[in-house]
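Shown next, in structure tokens, is the structure this report addresses.
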Amino acid sequence: MSNSTNPVSAAKPHPKLQSHFFSMDQQLEASTLGMWVFLVTEVMFFGGLFMAYIVYRNMYPHAWVEASAELNWKLGGLNTGVLICSSITMALAVRAAMMGNRKQQLINIAITSILGATFLVVKFFEYKAKFEHHLVPGPHFDPSLEQGMQIFFSLYFVMTGIHALHMVIGLGIMAYIFIQAWKGTYDAEYFAPVEVSGLYWHFVDIVWIFLFPLLYLLGAHGA
Amino acid sequence: MSSGHHVPSIGMCVRVWLALLVLTGFTIFIASQDLGMLNTPVALLVACTKATLVIVFFMGVKWNTPLTKTVAVSGFVWLLILFFMGMNDYLTRGWLGVAGR
């Protein structure tokens with residue numbers, strides 16, 4: 001099946017090149033594009049929650065400020081920093097994968113996972129405090145809270161809870177690409193799974209970049 | 001580098017990382033100031049700047065093909081349509097008297 005008119009196929013194809021793709025570049029582009037299509041659906045998924053946020057904040061502007069002051073902005077800020085640090089290590093992991101550097105790739109994926117786990121631990125202590133203060137919607141929800149504040153806390157738990165679920169899934173993805181990188185699956189030609197996992201991780205970081213000021217910082221100036 | 005992928009430099013990653021940390025500090029500082037109506041627009045402007053830095057550099061959209069760039073931008077355009085049409089509804093509901101309400 002050698003075809004002399006095609007200079008690309010003259011070389012032995014990469015073992016990871018799927019038969020329906022012309023080249024590794026095309027395969028990578030298809031993976032990146034497909035991931036972005038998925039991320040667009042994720043933008044719309046979180047977008048619905050942000051839409052609810054805008055509507056109810058517009059209805060209860062004062063309750064929003066009061067309820068936001070109940071959140072611990074220091075822990076929220078710490079978690080923002082943790083996620084930003086995990087984003088640079090993720091970017092460096094993808095960079096290492098592109099260069100076929102297995103060791104750097106493993107180190108950076110490990111640091112990214114540790115930072116992701118740190119985020120969830122901090123989140124656990126935040127949630128714990130909210131349970132103790134009866135600010136969690138449910139049977140022990142503080143009945144003296146005004147309606148707007150109750151809606152704020154409901155949205156807070158749905159938005160940060162779904163974000164945390166994305167973090168947990170992200171940690172699972174990190175574990176998978178760590179194992180694959182350990183086995184030496186990726187090289188300078190085939191790193192699409194690392195690249196695509198990186199896109200997911202950065203997207204989850206972006207969601208938090210918006211959640212942090214919109215949920216935690218409204219009551220910070222004592223209005 | 002036989003395949004022509006753009007490999008981001010470590011220096012660029014560090015600069016973006018530092019910018020993100022500085023902007024996070026800035027957004028916390030600005031929240032402690034009473035800017036009246038401007039607090040939320042400023043916070044959103046900073047958040048959008050941070051998101052753009054992550055998308056363009058960390059996610060590497062800068063070096064993607066025009067098709068991928070278009071898809072990436074389209075998600076946020078549709079989000080703005082959702083917000084615009086949604087608030088167009090909610091903010092104008094009280095403008096007209098509706099029979100039976």
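Naming scheme: A, B, ... for chains in displayed order of the structure tokens; residues 1 onward per chain; ligands 1 onward as shown.
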Residues of chain A at most 8 Å from chain B: nearest atom pair and distance in Å, only C-alpha atoms, as a Markdown table:
| residue | atom | partner | partner_atom | distance |
| --- | --- | --- | --- | --- |
| A:Asp25 | CA | B:Ser3 | CA | 6.9 |
| A:Glu29 | CA | B:Thr65 | CA | 7.8 |
| A:Thr32 | CA | B:Thr68 | CA | 7.4 |
| A:Leu33 | CA | B:Thr68 | CA | 5.3 |
| A:Trp36 | CA | B:Ala72 | CA | 6.0 |
| A:Val37 | CA | B:Val71 | CA | 6.6 |
| A:Leu39 | CA | B:Gly75 | CA | 7.9 |
| A:Val40 | CA | B:Gly75 | CA | 4.6 |
| A:Thr41 | CA | B:Gly75 | CA | 7.5 |
| A:Val43 | CA | B:Gly75 | CA | 6.3 |
| A:Met44 | CA | B:Leu79 | CA | 6.3 |
| A:Gly47 | CA | B:Leu79 | CA | 6.2 |
| A:Met51 | CA | B:Phe83 | CA | 6.1 |
| A:Val55 | CA | B:Tyr90 | CA | 7.2 |
| A:Gly77 | CA | B:Thr24 | CA | 7.7 |
| A:Thr80 | CA | B:Thr24 | CA | 7.5 |
| A:Gly81 | CA | B:Leu21 | CA | 6.6 |
| A:Ile84 | CA | B:Trp17 | CA | 6.9 |
| A:Cys85 | CA | B:Trp17 | CA | 7.2 |
| A:Ser87 | CA | B:Phe58 | CA | 7.4 |
| A:Ile88 | CA | B:Trp17 | CA | 6.2 |
| A:Ala91 | CA | B:Phe58 | CA | 5.6 |
| A:Leu92 | CA | B:Ile10 | CA | 7.4 |
| A:Arg95 | CA | B:Val7 | CA | 6.0 |
| A:Met98 | CA | B:Val7 | CA | 6.7 |
| A:Met99 | CA | B:Val7 | CA | 7.6 |
| A:Ala188 | CA | B:Met1 | CA | 7.6 |
| A:Glu189 | CA | B:Ser3 | CA | 7.2 |
| A:Gly198 | CA | B:Met59 | CA | 7.2 |
| A:Leu199 | CA | B:Met59 | CA | 5.6 |
| A:His202 | CA | B:Met59 | CA | 6.7 |
| A:Ile206 | CA | B:Ala51 | CA | 5.5 |
| A:Ile209 | CA | B:Ala47 | CA | 6.0 |
| A:Phe210 | CA | B:Ala47 | CA | 5.8 |
| A:Pro213 | CA | B:Ala43 | CA | 6.3 |
| A:Leu214 | CA | B:Thr40 | CA | 7.9 |
| A:Leu217 | CA | B:Ala31 | CA | 5.9 |
| A:Leu218 | CA | B:Ala31 | CA | 7.0 |
| A:Ala220 | CA | B:Ser32 | CA | 5.2 |
| A:His221 | CA | B:Ser32 | CA | 4.2 |
| A:Gly222 | CA | B:Ser32 | CA | 7.8 |
| A:Ala223 | CA | B:Asp34 | CA | 7.7 |
Spatial neighbours of A:Leu17, max dist 12 Å, only C-alpha atoms, sep filter under 2 positions, as a PyMOL selection string: chain A and resi 9+12-15+19-28+189-192
Grab the residues selected above and save them as a short mmCIF file (atom, residue, chain, number, x, y, z; two decimals), in the first residue's frame with C-alpha atoms.
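Below is the file result.cif, written as the result:
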data_model
loop_
_atom_site.label_atom_id
_atom_site.label_comp_id
_atom_site.auth_asym_id
_atom_site.auth_seq_id
_atom_site.Cartn_x
_atom_site.Cartn_y
_atom_site.Cartn_z
CA SER A 9 2.74 8.23 4.24
CA LYS A 12 6.19 4.77 8.87
CA PRO A 13 2.97 6.06 10.52
CA HIS A 14 2.94 6.67 14.27
CA PRO A 15 1.45 3.62 16.07
CA SER A 19 -6.65 4.98 10.41
CA HIS A 20 -9.28 7.65 9.71
CA PHE A 21 -6.79 10.50 10.20
CA PHE A 22 -4.32 11.72 7.65
CA SER A 23 -1.61 12.80 10.08
CA MET A 24 -0.86 13.17 13.79
CA ASP A 25 -1.39 16.93 13.45
CA GLN A 26 -4.85 16.41 12.03
CA GLN A 27 -5.63 13.90 14.77
CA LEU A 28 -4.52 16.38 17.44
CA GLU A 189 4.01 13.25 18.44
CA TYR A 190 1.23 11.76 20.54
CA PHE A 191 0.19 13.91 23.50
CA ALA A 192 -3.43 14.76 22.64
#
Please provide as a list in words all residues within 12 Å of A:Val121, with the sequence filter that same-chain residues fewer than 2 positions apart are discarded (counting only C-alpha atoms). Leu75, Leu78, Asn79, Val82, Ile114, Leu115, Gly116, Ala117, Thr118, Phe119, Lys123, Phe124, Phe125, Glu126, Tyr127, Lys128, Ala164, Met167 and Val168 of chain A
Which of chain A DSSP labels helix (DSSP H, G or I), written as a PyMOL selection string: chain A and resi 7-10+24-59+61-69+73-98+102-132+147-182+192-216
Can you measure atom CA of A:Met174 to atom CA of A:Ile109 for me? One decimal in Å is fine.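 Taking atom CA of A:Met174 and atom CA of A:Ile109, their separation equals 6.5 Å.
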Atom CA of A:Glu66 to atom CA of A:His134, straight-line distance in Å: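 These atoms are spaced 15.3 Å apart.
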